[in-house]
Each structure stands twice: as structure tokens, then as C-alpha cells.
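Notes for the one structure printed next.
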Amino acid sequence: MQQVATSVKKQTLLSTRLRERKAPTLSMAPMIDCVFLLLIFFMVSTTFSPMPGIRVQLPPPGKPSPNKPKGLIVRIANPAGGQRQGIMVLDDEIIEIEQVFDRFINASEDRKNMLIIQSERKVMHEQIIQIMDRAKAAGIDKVGFAVVARE
């Protein structure tokens, strides 16, 4: 009888232990540590390729040259309110972006060797790059940038 009583006690102990057993928990802290370590590893081991840019040769410091440069000079004004592009002037004549390529092609050979872009501060880079692209397509290899001297 004692054996039956002890076996019943063991069964009740086992059943209460099974009922008291908590669900397993997963600690997030070690997982976050592993993710951060992997992130740091990939950031350190990654190589970045340099972005190609435009090669610019800056003039030496000093006063600007009083000589008028030989070549085509495109002046771009700041865009007026609500406009995306500024007004472009070539040879004292207002032109549109669609006319630029034809004007570059039809320019005389002595003026066609260099293009000087003179723009104001708020001109979009997109407009300047469009002019540079059309100049390159027209066979103009040298492109310079000029600023208006402030008084």
C-alpha cells in the first residue's frame, strides 16, 4: 500500500511540475549584440568605389586677368520666380537650351576651342551640365567657369 501511495505522490509531483513549467523565453539582448557585430564587420570590410567627378583646374590666387578670354561665353542669370532655368545669353543674344548645340556647331573655329560658362549663384547645376554636355557633343573640349567680379 505504501508503494501505491508513493507512486501516486510521484505522479502528482510530476503532474504539478509539468503544470508549473513556464514557457521558454528568448532573450533579445544577445541577438541584438550579434546583429550589431555583423553590421560593424560588414561596414569595416566593405570597400567603396570612388565617384567619378568633373576635373576642375582652378586658377592661381590673385587678381583676375584683364584680358578678355577667347572662346564662347555663355552667361546664365538666376531663374526668375517660379522658373526652373535661368535666362541664357550667348553673343549678347538670349537663347534657349534647345538652340545651344546649333550655336556651338555653327561658331567659328577660333571661338570653338573653349567654352566659358558664367553663371549666377542660384542657377541649377542641371542647366550647367546640360550646356556642358551639348558643348562636348559639338566638339568643344575645354570648358571654363567664370564669375562676375563684385564691386
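By order in the C-alpha cells, chains are A, B, ...; within a chain, residues start at 1; ligands start at 1, following the order shown.
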
Any idea what's packed within 9 Å of Ile131 in chain A, counting only C-alpha atoms, ignoring anything in its chain fewer than 2 positions away? Could you give it as a PDB file with C-alpha atoms, in the first residue's frame?
ATOM      1  CA  VAL A  74      27.520  81.677 -72.068  1.00  0.00           C
ATOM      2  CA  ILE A  97      18.657  75.303 -74.243  1.00  0.00           C
ATOM      3  CA  VAL A 100      22.706  75.844 -77.717  1.00  0.00           C
ATOM      4  CA  PHE A 101      24.009  72.859 -79.700  1.00  0.00           C
ATOM      5  CA  ILE A 117      30.193  79.429 -68.523  1.00  0.00           C
ATOM      6  CA  GLU A 126      21.361  70.648 -64.100  1.00  0.00           C
ATOM      7  CA  GLN A 127      21.301  73.583 -66.530  1.00  0.00           C
ATOM      8  CA  ILE A 128      25.085  73.983 -66.416  1.00  0.00           C
ATOM      9  CA  ILE A 129      25.621  70.250 -67.019  1.00  0.00           C
ATOM     10  CA  ASP A 133      27.036  68.043 -72.485  1.00  0.00           C
ATOM     11  CA  ARG A 134      25.976  69.946 -75.600  1.00  0.00           C
ATOM     12  CA  ALA A 135      29.407  71.604 -75.810  1.00  0.00           C
ATOM     13  CA  LYS A 136      31.137  68.243 -75.677  1.00  0.00           C
TER      14      LYS A 136
END

Leaving out Arg103 in chain A and any residue of its chain fewer than 3 positions from it, which residues lie within 12 Å of it when counting only C-alpha atoms, given as a PyMOL selection string?
-> chain A and resi 72-74+89-91+93-100+106-108+111-112+115+131+134-135+138+140

Step one, run DSSP on the backbone; step two, keep only residues of range 75-109 of chain A assigned to strand (DSSP E or B); then write them as number ranges by chain.
-> A: 75-76, 88-90, 93-95

Atoms kept (N, CA and C atoms) for selection, written as a CSV table (one decimal), in the first residue's frame:
chain,number,residue,atom,x,y,z
A,75,ARG,N,26.4,83.2,-70.6
A,75,ARG,CA,26.0,83.8,-69.3
A,75,ARG,C,24.6,83.3,-68.9
A,76,ILE,N,24.5,82.9,-67.7
A,76,ILE,CA,23.2,82.4,-67.2
A,76,ILE,C,22.8,83.2,-66.0
A,88,MET,N,19.6,82.4,-70.6
A,88,MET,CA,21.0,82.2,-71.1
A,88,MET,C,21.2,83.2,-72.2
A,89,VAL,N,22.5,83.8,-72.2
A,89,VAL,CA,22.9,84.7,-73.2
A,89,VAL,C,24.2,84.3,-73.8
A,90,LEU,N,24.2,84.2,-75.2
A,90,LEU,CA,25.3,83.8,-75.9
A,90,LEU,C,25.5,84.9,-77.0
A,93,GLU,N,22.9,87.7,-77.1
A,93,GLU,CA,21.6,87.3,-77.6
A,93,GLU,C,21.0,86.2,-76.7
A,94,ILE,N,19.8,86.4,-76.3
A,94,ILE,CA,19.1,85.4,-75.5
A,94,ILE,C,18.8,84.1,-76.3
A,95,ILE,N,19.2,83.0,-75.7
A,95,ILE,CA,19.0,81.7,-76.4
A,95,ILE,C,18.3,80.7,-75.4

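Among the candidates A:Asn67, A:Gly144, A:Met43, A:Gly82, the residue lying nearest to Gln118 in chain A is A:Gly144 (atoms considered: only C-alpha atoms).
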
Residues flagged helix (DSSP H, G or I) by DSSP in range 76-144 of chain A, as a VMD selection string | chain A and resid 97 to 105 125 to 137

Give me the residues within 8 Å of Val147 in chain A as a PyMOL selection string, counting only C-alpha atoms and dropping any in the same chain fewer than 2 places off.
-> chain A and resi 118-120+145+149

Can you write out the residues you just picked, keeping N, CA and C atoms, as a PDB file, in the first residue's frame?
ATOM      1  N   GLN A 118      29.461  81.432 -67.440  1.00  0.00           N
ATOM      2  CA  GLN A 118      29.420  82.448 -66.392  1.00  0.00           C
ATOM      3  C   GLN A 118      28.006  82.442 -65.823  1.00  0.00           C
ATOM      4  N   SER A 119      27.852  81.930 -64.614  1.00  0.00           N
ATOM      5  CA  SER A 119      26.509  81.806 -64.041  1.00  0.00           C
ATOM      6  C   SER A 119      26.439  82.490 -62.688  1.00  0.00           C
ATOM      7  N   GLU A 120      25.225  82.841 -62.348  1.00  0.00           N
ATOM      8  CA  GLU A 120      24.991  83.436 -61.034  1.00  0.00           C
ATOM      9  C   GLU A 120      24.808  82.329 -60.003  1.00  0.00           C
ATOM     10  N   PHE A 145      34.932  78.113 -66.156  1.00  0.00           N
ATOM     11  CA  PHE A 145      33.883  78.773 -65.369  1.00  0.00           C
ATOM     12  C   PHE A 145      34.387  80.133 -64.953  1.00  0.00           C
ATOM     13  N   ALA A 149      32.890  89.803 -61.189  1.00  0.00           N
ATOM     14  CA  ALA A 149      33.575  90.460 -60.077  1.00  0.00           C
ATOM     15  C   ALA A 149      32.600  91.375 -59.343  1.00  0.00           C
TER      16      ALA A 149
END

Contacts of Asp110 in chain A at 8 Å or less, counting only C-alpha atoms, minus same-chain residues fewer than 3 places along, as a ChimeraX atom specification?
-> /A:70-71,113

For the selection just defined, write its residues with C-alpha atoms to a file, as a PDB file, in the first residue's frame.
ATOM      1  CA  LYS A  70      38.855  83.943 -76.439  1.00  0.00           C
ATOM      2  CA  GLY A  71      36.057  81.490 -76.897  1.00  0.00           C
ATOM      3  CA  ASN A 113      38.229  75.897 -78.874  1.00  0.00           C
TER       4      ASN A 113
END

Between CA of Lys122 in chain A and CA of Gln85 in chain A, measure the distance and give it in Å to one decimal.
-> 9.7 Å

So that I can see what lies close to Gln83 in chain A, please list as a PDB file with N, CA and C atoms, in the first residue's frame the residues with an atom at most 12 Å from it, counting only C-alpha atoms and leaving out residues fewer than 4 positions away in the same chain.
ATOM      1  N   ALA A  77      21.636  83.755 -66.063  1.00  0.00           N
ATOM      2  CA  ALA A  77      21.097  84.550 -64.954  1.00  0.00           C
ATOM      3  C   ALA A  77      20.339  83.647 -63.999  1.00  0.00           C
ATOM      4  N   ASN A  78      20.144  84.139 -62.782  1.00  0.00           N
ATOM      5  CA  ASN A  78      19.350  83.402 -61.795  1.00  0.00           C
ATOM      6  C   ASN A  78      17.934  83.205 -62.335  1.00  0.00           C
ATOM      7  N   PRO A  79      17.334  82.053 -62.060  1.00  0.00           N
ATOM      8  CA  PRO A  79      15.957  81.843 -62.520  1.00  0.00           C
ATOM      9  C   PRO A  79      14.998  82.829 -61.848  1.00  0.00           C
ATOM     10  N   ILE A  87      17.856  82.547 -67.533  1.00  0.00           N
ATOM     11  CA  ILE A  87      17.968  83.039 -68.908  1.00  0.00           C
ATOM     12  C   ILE A  87      19.420  82.928 -69.346  1.00  0.00           C
ATOM     13  N   LYS A 122      22.336  81.174 -57.997  1.00  0.00           N
ATOM     14  CA  LYS A 122      21.167  80.315 -57.824  1.00  0.00           C
ATOM     15  C   LYS A 122      20.806  79.516 -59.066  1.00  0.00           C
ATOM     16  N   VAL A 123      21.716  79.443 -60.026  1.00  0.00           N
ATOM     17  CA  VAL A 123      21.463  78.650 -61.233  1.00  0.00           C
ATOM     18  C   VAL A 123      21.610  77.179 -60.875  1.00  0.00           C
ATOM     19  N   MET A 124      20.663  76.366 -61.354  1.00  0.00           N
ATOM     20  CA  MET A 124      20.680  74.926 -61.070  1.00  0.00           C
ATOM     21  C   MET A 124      21.860  74.262 -61.780  1.00  0.00           C
TER      22      MET A 124
END
